[in-house]
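This is entry_30.cif. It holds mmCIF, N, CA and C atoms.
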```
data_final
#
loop_
_atom_site.label_atom_id
_atom_site.label_comp_id
_atom_site.auth_asym_id
_atom_site.auth_seq_id
_atom_site.Cartn_x
_atom_site.Cartn_y
_atom_site.Cartn_z
N MET A 1 -7.82 -0.17 8.02
CA MET A 1 -7.70 -1.31 7.13
C MET A 1 -8.37 -2.52 7.77
N SER A 2 -8.92 -3.36 6.93
CA SER A 2 -9.54 -4.57 7.45
C SER A 2 -8.47 -5.61 7.75
N ASP A 3 -8.86 -6.70 8.41
CA ASP A 3 -7.90 -7.74 8.79
C ASP A 3 -7.11 -8.27 7.60
N GLU A 4 -7.74 -8.40 6.44
CA GLU A 4 -7.03 -8.95 5.29
C GLU A 4 -5.94 -8.02 4.77
N HIS A 5 -5.95 -6.75 5.18
CA HIS A 5 -4.95 -5.79 4.71
C HIS A 5 -3.93 -5.43 5.79
N ARG A 6 -3.93 -6.10 6.91
CA ARG A 6 -3.05 -5.73 8.02
C ARG A 6 -1.57 -5.86 7.69
N GLU A 7 -1.22 -6.70 6.74
CA GLU A 7 0.18 -6.82 6.34
C GLU A 7 0.38 -6.21 4.95
N ALA A 8 -0.30 -5.13 4.70
CA ALA A 8 -0.22 -4.46 3.41
C ALA A 8 1.17 -3.88 3.16
N THR A 9 1.53 -3.81 1.89
CA THR A 9 2.78 -3.18 1.49
C THR A 9 2.45 -1.94 0.68
N ILE A 10 2.91 -0.81 1.18
CA ILE A 10 2.76 0.46 0.48
C ILE A 10 4.08 0.72 -0.23
N GLY A 11 4.02 0.94 -1.52
CA GLY A 11 5.24 1.09 -2.30
C GLY A 11 5.39 2.45 -2.96
N PHE A 12 6.64 2.78 -3.25
CA PHE A 12 7.01 3.98 -3.99
C PHE A 12 8.08 3.55 -4.98
N ILE A 13 7.91 3.95 -6.24
CA ILE A 13 8.93 3.71 -7.26
C ILE A 13 9.16 5.01 -7.99
N GLY A 14 10.40 5.47 -7.99
CA GLY A 14 10.71 6.70 -8.71
C GLY A 14 12.05 7.27 -8.28
N ARG A 15 12.44 8.32 -8.97
CA ARG A 15 13.66 9.04 -8.62
C ARG A 15 13.48 9.63 -7.23
N LEU A 16 14.50 9.53 -6.40
CA LEU A 16 14.43 10.07 -5.05
C LEU A 16 14.83 11.54 -5.10
N SER A 17 13.88 12.36 -5.54
CA SER A 17 14.10 13.80 -5.72
C SER A 17 12.89 14.56 -5.19
N PRO A 18 13.06 15.85 -4.91
CA PRO A 18 11.92 16.63 -4.41
C PRO A 18 10.70 16.56 -5.34
N ARG A 19 10.91 16.55 -6.63
CA ARG A 19 9.78 16.53 -7.57
C ARG A 19 8.98 15.23 -7.47
N LYS A 20 9.65 14.12 -7.16
CA LYS A 20 8.95 12.84 -7.01
C LYS A 20 8.42 12.65 -5.59
N ASN A 21 8.98 13.38 -4.62
CA ASN A 21 8.49 13.46 -3.25
C ASN A 21 8.47 12.12 -2.49
N PRO A 22 9.60 11.41 -2.45
CA PRO A 22 9.61 10.17 -1.68
C PRO A 22 9.40 10.40 -0.18
N LEU A 23 9.79 11.57 0.32
CA LEU A 23 9.57 11.87 1.74
C LEU A 23 8.08 12.01 2.03
N GLY A 24 7.31 12.48 1.05
CA GLY A 24 5.86 12.52 1.19
C GLY A 24 5.26 11.13 1.25
N ALA A 25 5.83 10.21 0.45
CA ALA A 25 5.36 8.82 0.48
C ALA A 25 5.66 8.21 1.85
N LEU A 26 6.85 8.49 2.38
CA LEU A 26 7.19 7.97 3.71
C LEU A 26 6.27 8.56 4.78
N ASP A 27 5.98 9.84 4.68
CA ASP A 27 5.07 10.47 5.64
C ASP A 27 3.70 9.82 5.60
N ALA A 28 3.20 9.56 4.40
CA ALA A 28 1.90 8.89 4.27
C ALA A 28 1.96 7.49 4.90
N PHE A 29 3.05 6.77 4.62
CA PHE A 29 3.21 5.44 5.21
C PHE A 29 3.24 5.52 6.73
N ALA A 30 3.99 6.46 7.28
CA ALA A 30 4.11 6.58 8.74
C ALA A 30 2.75 6.79 9.39
N ARG A 31 1.89 7.54 8.73
CA ARG A 31 0.54 7.76 9.26
C ARG A 31 -0.28 6.47 9.26
N VAL A 32 -0.17 5.71 8.19
CA VAL A 32 -0.87 4.41 8.12
C VAL A 32 -0.27 3.45 9.15
N HIS A 33 1.05 3.41 9.22
CA HIS A 33 1.74 2.50 10.12
C HIS A 33 1.38 2.76 11.58
N ALA A 34 1.12 4.00 11.94
CA ALA A 34 0.72 4.32 13.31
C ALA A 34 -0.59 3.62 13.68
N GLU A 35 -1.46 3.42 12.70
CA GLU A 35 -2.74 2.74 12.91
C GLU A 35 -2.67 1.25 12.62
N GLU A 36 -1.79 0.87 11.70
CA GLU A 36 -1.66 -0.52 11.26
C GLU A 36 -0.18 -0.92 11.28
N PRO A 37 0.37 -1.23 12.45
CA PRO A 37 1.81 -1.47 12.57
C PRO A 37 2.35 -2.66 11.79
N ALA A 38 1.51 -3.53 11.28
CA ALA A 38 2.01 -4.67 10.49
C ALA A 38 2.29 -4.29 9.03
N CYS A 39 1.85 -3.12 8.59
CA CYS A 39 2.06 -2.75 7.19
C CYS A 39 3.54 -2.43 6.94
N ARG A 40 3.93 -2.51 5.69
CA ARG A 40 5.32 -2.33 5.28
C ARG A 40 5.42 -1.25 4.20
N PHE A 41 6.62 -0.64 4.10
CA PHE A 41 6.91 0.36 3.08
C PHE A 41 8.11 -0.11 2.27
N VAL A 42 7.99 -0.05 0.95
CA VAL A 42 9.07 -0.41 0.05
C VAL A 42 9.27 0.76 -0.90
N ALA A 43 10.51 1.26 -0.97
CA ALA A 43 10.83 2.34 -1.91
C ALA A 43 11.91 1.86 -2.86
N VAL A 44 11.72 2.17 -4.14
CA VAL A 44 12.67 1.79 -5.17
C VAL A 44 13.10 3.05 -5.90
N GLY A 45 14.40 3.31 -5.92
CA GLY A 45 14.91 4.46 -6.66
C GLY A 45 16.21 4.95 -6.07
N SER A 46 16.82 5.88 -6.78
CA SER A 46 18.06 6.50 -6.37
C SER A 46 17.94 7.99 -6.63
N GLY A 47 18.71 8.76 -5.88
CA GLY A 47 18.70 10.20 -6.12
C GLY A 47 19.08 11.00 -4.90
N ALA A 48 18.96 12.31 -5.04
CA ALA A 48 19.42 13.27 -4.04
C ALA A 48 18.77 13.11 -2.67
N GLU A 49 17.55 12.61 -2.61
CA GLU A 49 16.86 12.48 -1.32
C GLU A 49 17.00 11.08 -0.71
N GLY A 50 17.85 10.24 -1.28
CA GLY A 50 18.03 8.89 -0.76
C GLY A 50 18.54 8.86 0.67
N GLU A 51 19.57 9.64 0.95
CA GLU A 51 20.11 9.67 2.30
C GLU A 51 19.11 10.24 3.29
N GLN A 52 18.40 11.29 2.89
CA GLN A 52 17.39 11.88 3.78
C GLN A 52 16.26 10.89 4.03
N LEU A 53 15.88 10.13 3.03
CA LEU A 53 14.84 9.12 3.21
C LEU A 53 15.28 8.08 4.24
N ALA A 54 16.51 7.61 4.12
CA ALA A 54 17.03 6.62 5.08
C ALA A 54 17.11 7.22 6.49
N ARG A 55 17.54 8.48 6.60
CA ARG A 55 17.60 9.13 7.92
C ARG A 55 16.21 9.30 8.51
N SER A 56 15.25 9.66 7.69
CA SER A 56 13.88 9.84 8.17
C SER A 56 13.28 8.53 8.65
N ILE A 57 13.56 7.45 7.93
CA ILE A 57 13.08 6.13 8.35
C ILE A 57 13.65 5.80 9.73
N ALA A 58 14.94 6.03 9.91
CA ALA A 58 15.58 5.75 11.20
C ALA A 58 15.02 6.65 12.30
N ALA A 59 14.87 7.93 12.00
CA ALA A 59 14.38 8.89 13.00
C ALA A 59 12.97 8.57 13.45
N GLU A 60 12.16 8.03 12.55
CA GLU A 60 10.77 7.69 12.88
C GLU A 60 10.66 6.30 13.53
N GLY A 61 11.79 5.60 13.64
CA GLY A 61 11.77 4.26 14.23
C GLY A 61 11.10 3.23 13.33
N LEU A 62 11.25 3.39 12.03
CA LEU A 62 10.55 2.53 11.07
C LEU A 62 11.45 1.55 10.32
N ARG A 63 12.69 1.42 10.75
CA ARG A 63 13.63 0.55 10.01
C ARG A 63 13.11 -0.86 9.78
N SER A 64 12.49 -1.45 10.78
CA SER A 64 12.03 -2.84 10.64
C SER A 64 10.81 -2.96 9.73
N SER A 65 10.19 -1.85 9.38
CA SER A 65 8.99 -1.87 8.54
C SER A 65 9.24 -1.35 7.13
N CYS A 66 10.49 -0.95 6.85
CA CYS A 66 10.80 -0.34 5.55
C CYS A 66 11.94 -1.06 4.86
N ARG A 67 11.86 -1.07 3.55
CA ARG A 67 12.92 -1.66 2.73
C ARG A 67 13.20 -0.70 1.58
N LEU A 68 14.47 -0.36 1.38
CA LEU A 68 14.88 0.53 0.31
C LEU A 68 15.69 -0.24 -0.72
N PHE A 69 15.35 -0.06 -1.98
CA PHE A 69 16.08 -0.67 -3.08
C PHE A 69 16.64 0.45 -3.96
N PRO A 70 17.82 0.25 -4.52
CA PRO A 70 18.30 1.22 -5.51
C PRO A 70 17.46 1.09 -6.78
N THR A 71 17.71 1.92 -7.75
CA THR A 71 17.02 1.78 -9.03
C THR A 71 17.23 0.36 -9.55
N LEU A 72 16.15 -0.27 -9.96
CA LEU A 72 16.19 -1.66 -10.43
C LEU A 72 15.96 -1.70 -11.94
N PRO A 73 16.42 -2.76 -12.61
CA PRO A 73 16.03 -2.95 -14.01
C PRO A 73 14.51 -2.97 -14.11
N HIS A 74 13.99 -2.50 -15.22
CA HIS A 74 12.55 -2.33 -15.39
C HIS A 74 11.76 -3.60 -15.06
N ASN A 75 12.21 -4.75 -15.57
CA ASN A 75 11.45 -5.99 -15.32
C ASN A 75 11.44 -6.36 -13.84
N GLU A 76 12.53 -6.09 -13.12
CA GLU A 76 12.56 -6.37 -11.68
C GLU A 76 11.65 -5.41 -10.92
N ALA A 77 11.65 -4.14 -11.33
CA ALA A 77 10.78 -3.16 -10.68
C ALA A 77 9.31 -3.54 -10.89
N LEU A 78 8.96 -4.02 -12.07
CA LEU A 78 7.58 -4.43 -12.33
C LEU A 78 7.19 -5.64 -11.48
N ARG A 79 8.10 -6.59 -11.31
CA ARG A 79 7.82 -7.75 -10.46
C ARG A 79 7.58 -7.30 -9.01
N LEU A 80 8.38 -6.37 -8.53
CA LEU A 80 8.21 -5.86 -7.17
C LEU A 80 6.91 -5.06 -7.06
N LEU A 81 6.62 -4.25 -8.05
CA LEU A 81 5.38 -3.47 -8.08
C LEU A 81 4.16 -4.37 -7.92
N ALA A 82 4.18 -5.52 -8.57
CA ALA A 82 3.04 -6.45 -8.51
C ALA A 82 2.80 -6.99 -7.11
N THR A 83 3.79 -6.88 -6.21
CA THR A 83 3.62 -7.37 -4.84
C THR A 83 3.05 -6.30 -3.91
N PHE A 84 2.97 -5.05 -4.37
CA PHE A 84 2.46 -3.96 -3.54
C PHE A 84 0.96 -4.09 -3.35
N SER A 85 0.49 -3.67 -2.20
CA SER A 85 -0.95 -3.53 -1.96
C SER A 85 -1.44 -2.21 -2.50
N LEU A 86 -0.52 -1.25 -2.57
CA LEU A 86 -0.86 0.12 -2.97
C LEU A 86 0.41 0.82 -3.41
N LEU A 87 0.33 1.59 -4.49
CA LEU A 87 1.44 2.45 -4.91
C LEU A 87 1.14 3.86 -4.45
N CYS A 88 2.05 4.46 -3.72
CA CYS A 88 1.91 5.85 -3.29
C CYS A 88 2.78 6.70 -4.20
N HIS A 89 2.17 7.59 -4.96
CA HIS A 89 2.91 8.42 -5.91
C HIS A 89 2.59 9.89 -5.64
N PRO A 90 3.30 10.50 -4.68
CA PRO A 90 3.01 11.89 -4.33
C PRO A 90 3.77 12.91 -5.17
N GLY A 91 4.19 12.54 -6.37
CA GLY A 91 5.01 13.41 -7.21
C GLY A 91 4.27 14.63 -7.72
N VAL A 92 5.06 15.56 -8.21
CA VAL A 92 4.57 16.85 -8.69
C VAL A 92 4.17 16.76 -10.16
N ILE A 93 2.96 17.12 -10.44
CA ILE A 93 2.50 17.27 -11.83
C ILE A 93 1.77 18.62 -11.88
N ASP A 94 2.36 19.58 -12.57
CA ASP A 94 1.70 20.88 -12.69
C ASP A 94 2.22 21.60 -13.92
N GLU A 95 1.82 22.85 -14.08
CA GLU A 95 2.20 23.60 -15.29
C GLU A 95 3.70 23.84 -15.38
N ARG A 96 4.44 23.74 -14.28
CA ARG A 96 5.89 23.96 -14.31
C ARG A 96 6.66 22.67 -14.55
N ALA A 97 5.97 21.56 -14.61
CA ALA A 97 6.65 20.27 -14.81
C ALA A 97 7.24 20.20 -16.21
N ARG A 98 8.32 19.44 -16.35
CA ARG A 98 8.96 19.29 -17.65
C ARG A 98 8.17 18.38 -18.58
N SER A 99 7.28 17.60 -18.02
CA SER A 99 6.45 16.73 -18.84
C SER A 99 5.02 16.79 -18.31
N SER A 100 4.10 16.29 -19.06
CA SER A 100 2.71 16.30 -18.63
C SER A 100 2.14 14.90 -18.80
N GLY A 101 0.96 14.73 -18.30
CA GLY A 101 0.32 13.43 -18.43
C GLY A 101 0.51 12.58 -17.20
N VAL A 102 0.14 11.33 -17.33
CA VAL A 102 0.20 10.39 -16.22
C VAL A 102 1.57 9.69 -16.25
N PRO A 103 2.27 9.65 -15.12
CA PRO A 103 3.57 8.97 -15.08
C PRO A 103 3.45 7.48 -15.43
N TYR A 104 4.48 6.96 -16.09
CA TYR A 104 4.47 5.55 -16.48
C TYR A 104 4.24 4.62 -15.30
N VAL A 105 4.86 4.92 -14.15
CA VAL A 105 4.71 4.01 -13.00
C VAL A 105 3.26 3.91 -12.55
N VAL A 106 2.51 4.99 -12.73
CA VAL A 106 1.08 4.97 -12.38
C VAL A 106 0.33 4.07 -13.37
N LEU A 107 0.62 4.21 -14.65
CA LEU A 107 -0.02 3.36 -15.67
C LEU A 107 0.35 1.89 -15.46
N GLU A 108 1.63 1.63 -15.18
CA GLU A 108 2.07 0.25 -14.97
C GLU A 108 1.42 -0.34 -13.72
N SER A 109 1.27 0.47 -12.70
CA SER A 109 0.61 0.02 -11.48
C SER A 109 -0.84 -0.37 -11.77
N GLN A 110 -1.53 0.50 -12.47
CA GLN A 110 -2.93 0.22 -12.80
C GLN A 110 -3.04 -1.01 -13.68
N ALA A 111 -2.13 -1.17 -14.63
CA ALA A 111 -2.14 -2.35 -15.51
C ALA A 111 -1.88 -3.63 -14.72
N SER A 112 -1.15 -3.51 -13.61
CA SER A 112 -0.86 -4.66 -12.76
C SER A 112 -1.96 -4.93 -11.75
N GLY A 113 -2.96 -4.07 -11.72
CA GLY A 113 -4.04 -4.23 -10.76
C GLY A 113 -3.72 -3.70 -9.37
N VAL A 114 -2.67 -2.89 -9.27
CA VAL A 114 -2.27 -2.31 -7.98
C VAL A 114 -2.86 -0.90 -7.89
N PRO A 115 -3.68 -0.64 -6.87
CA PRO A 115 -4.26 0.70 -6.71
C PRO A 115 -3.18 1.76 -6.51
N VAL A 116 -3.49 2.98 -6.92
CA VAL A 116 -2.56 4.10 -6.81
C VAL A 116 -3.21 5.22 -6.02
N VAL A 117 -2.41 5.82 -5.12
CA VAL A 117 -2.84 7.02 -4.42
C VAL A 117 -1.88 8.13 -4.83
N TRP A 118 -2.45 9.23 -5.29
CA TRP A 118 -1.63 10.40 -5.58
C TRP A 118 -2.44 11.65 -5.32
N PRO A 119 -1.77 12.74 -4.98
CA PRO A 119 -2.49 13.94 -4.53
C PRO A 119 -3.14 14.69 -5.69
N SER A 120 -4.22 15.37 -5.36
CA SER A 120 -4.84 16.25 -6.34
C SER A 120 -4.16 17.62 -6.32
N LYS A 121 -3.45 17.90 -5.24
CA LYS A 121 -2.71 19.16 -5.11
C LYS A 121 -1.36 18.85 -4.48
N THR A 122 -0.30 19.42 -5.03
CA THR A 122 1.04 19.16 -4.56
C THR A 122 1.40 20.10 -3.41
N PRO A 123 2.05 19.58 -2.37
CA PRO A 123 2.45 20.44 -1.25
C PRO A 123 3.37 21.58 -1.72
N GLU A 124 3.20 22.75 -1.17
CA GLU A 124 3.98 23.92 -1.55
C GLU A 124 5.47 23.73 -1.28
N ARG A 125 5.84 22.90 -0.31
CA ARG A 125 7.26 22.74 0.04
C ARG A 125 8.09 22.26 -1.14
N ILE A 126 7.49 21.60 -2.07
CA ILE A 126 8.22 21.10 -3.22
C ILE A 126 8.79 22.26 -4.04
N PHE A 127 8.03 23.32 -4.17
CA PHE A 127 8.45 24.44 -5.00
C PHE A 127 9.36 25.41 -4.27
N THR A 128 9.41 25.32 -2.96
CA THR A 128 10.25 26.24 -2.21
C THR A 128 11.53 25.59 -1.72
N ALA A 129 11.64 24.26 -1.90
CA ALA A 129 12.82 23.54 -1.44
C ALA A 129 14.03 23.83 -2.32
#
```
Go ahead and render the structure in this file as structure tokens.
Amino acid sequence: MSDEHREATIGFIGRLSPRKNPLGALDAFARVHAEEPACRFVAVGSGAEGEQLARSIAAEGLRSSCRLFPTLPHNEALRLLATFSLLCHPGVIDERARSSGVPYVVLESQASGVPVVWPSKTPERIFTA
């Protein structure tokens, strides 16, 4: 990252479940943080992987660089989204998904001018977990 992005905020908004893959978002952040220690991670959501996400943050020594919010009202989530430098959306979209198309959070991010990173292929661990 260039100097102007050294205090970047990487965000995740979604249900904290294997299908949304918040642990994948944290892993991506940890890799960036190793190179750019001033960057921050913000996750918004609630769900089954919430406790594991908090434990992983602590285990990686990232508490001072991460902030977790429970599910927020839509307008508050959009205000927070607008502060992100990047939205990380490693969720699962495939033929077994209950819905298809682009997730709303991705569309809202793009409409807010916030770049989105999401995988072209989903990690196999999601389907075996």
Report as a ChimeraX atom specification the residues that result from applying the PyMOL selection byres ((chain A and resi 107-113) around 8) to the structure here.
/A:78,81-82,84-87,102-106,114-116
Would you export the selected residues with N, CA and C atoms as an mmCIF file, keeping the file's coordinate frame, please?
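The new file selection.cif reads:
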```
data_model
loop_
_atom_site.group_PDB
_atom_site.id
_atom_site.type_symbol
_atom_site.label_atom_id
_atom_site.label_comp_id
_atom_site.auth_asym_id
_atom_site.auth_seq_id
_atom_site.Cartn_x
_atom_site.Cartn_y
_atom_site.Cartn_z
ATOM 1 N N LEU A 78 8.960 -4.020 -12.070
ATOM 2 C CA LEU A 78 7.580 -4.430 -12.330
ATOM 3 C C LEU A 78 7.190 -5.640 -11.480
ATOM 4 N N LEU A 81 6.620 -4.250 -8.050
ATOM 5 C CA LEU A 81 5.380 -3.470 -8.080
ATOM 6 C C LEU A 81 4.160 -4.370 -7.920
ATOM 7 N N ALA A 82 4.180 -5.520 -8.570
ATOM 8 C CA ALA A 82 3.040 -6.450 -8.510
ATOM 9 C C ALA A 82 2.800 -6.990 -7.110
ATOM 10 N N PHE A 84 2.970 -5.050 -4.370
ATOM 11 C CA PHE A 84 2.460 -3.960 -3.540
ATOM 12 C C PHE A 84 0.960 -4.090 -3.350
ATOM 13 N N SER A 85 0.490 -3.670 -2.200
ATOM 14 C CA SER A 85 -0.950 -3.530 -1.960
ATOM 15 C C SER A 85 -1.440 -2.210 -2.500
ATOM 16 N N LEU A 86 -0.520 -1.250 -2.570
ATOM 17 C CA LEU A 86 -0.860 0.120 -2.970
ATOM 18 C C LEU A 86 0.410 0.820 -3.410
ATOM 19 N N LEU A 87 0.330 1.590 -4.490
ATOM 20 C CA LEU A 87 1.440 2.450 -4.910
ATOM 21 C C LEU A 87 1.140 3.860 -4.450
ATOM 22 N N VAL A 102 0.140 11.330 -17.330
ATOM 23 C CA VAL A 102 0.200 10.390 -16.220
ATOM 24 C C VAL A 102 1.570 9.690 -16.250
ATOM 25 N N PRO A 103 2.270 9.650 -15.120
ATOM 26 C CA PRO A 103 3.570 8.970 -15.080
ATOM 27 C C PRO A 103 3.450 7.480 -15.430
ATOM 28 N N TYR A 104 4.480 6.960 -16.090
ATOM 29 C CA TYR A 104 4.470 5.550 -16.480
ATOM 30 C C TYR A 104 4.240 4.620 -15.300
ATOM 31 N N VAL A 105 4.860 4.920 -14.150
ATOM 32 C CA VAL A 105 4.710 4.010 -13.000
ATOM 33 C C VAL A 105 3.260 3.910 -12.550
ATOM 34 N N VAL A 106 2.510 4.990 -12.730
ATOM 35 C CA VAL A 106 1.080 4.970 -12.380
ATOM 36 C C VAL A 106 0.330 4.070 -13.370
ATOM 37 N N VAL A 114 -2.670 -2.890 -9.270
ATOM 38 C CA VAL A 114 -2.270 -2.310 -7.980
ATOM 39 C C VAL A 114 -2.860 -0.900 -7.890
ATOM 40 N N PRO A 115 -3.680 -0.640 -6.870
ATOM 41 C CA PRO A 115 -4.260 0.700 -6.710
ATOM 42 C C PRO A 115 -3.180 1.760 -6.510
ATOM 43 N N VAL A 116 -3.490 2.980 -6.920
ATOM 44 C CA VAL A 116 -2.560 4.100 -6.810
ATOM 45 C C VAL A 116 -3.210 5.220 -6.020
#
```
Starting from the shown file, work through the PyMOL selection byres (((chain A and resi 14 and name CA) around 12) and name CA) and note down what comes out as JSON, numbers by chain.
{"A": [11, 12, 13, 15, 16, 17, 18, 19, 20, 21, 22, 23, 25, 42, 43, 44, 45, 46, 47, 48, 49, 50, 68, 69, 70, 71, 72, 74, 77, 81, 87, 88, 89, 90, 91, 92, 103, 104, 105, 106]}
As a list of chain:residue names, please: every residue in chain A that DSSP puts in strand (DSSP E).
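Filtering chain A to strand (DSSP E) leaves A:Thr9, A:Ile10, A:Gly11, A:Phe12, A:Ile13, A:Arg40, A:Phe41, A:Val42, A:Ala43, A:Val44, A:Cys66, A:Arg67, A:Leu68, A:Phe69, A:Leu86, A:Leu87, A:Cys88, A:Val116, A:Val117.
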Evaluated on this file, the PyMOL selection byres ((chain A and resi 38) around 5) picks out some residues - which ones are they, written as a list in words?
Arg6, Glu7, Glu36, Pro37, Cys39 and Arg40 of chain A
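Atom N of Leu26 in chain A is positioned 12.5 Å from atom N of Ala59 in chain A.
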Atom C of Thr83 in chain A to atom N of Thr9 in chain A, straight-line distance in Å
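Atom-to-atom, atom N of Thr9 in chain A and atom C of Thr83 in chain A are spaced 6.5 Å apart.
A straight line drawn from CA of Arg79 in chain A to atom C of Glu35 in chain A is 26.9 Å long.
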For the alpha helix (DSSP H) assignment from backbone DSSP, which residues of chain A qualify? Please present them as a PyMOL selection string.
chain A and resi 22-35+50-59+74-81+104-111+125-128
Using only N, CA and C atoms, can you tell me which of A:Gln52, A:Asp27, A:Phe41, A:Ala34 comes closest to Ser65 in chain A?
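Among the listed residues, the smallest separation from Ser65 in chain A belongs to A:Phe41.
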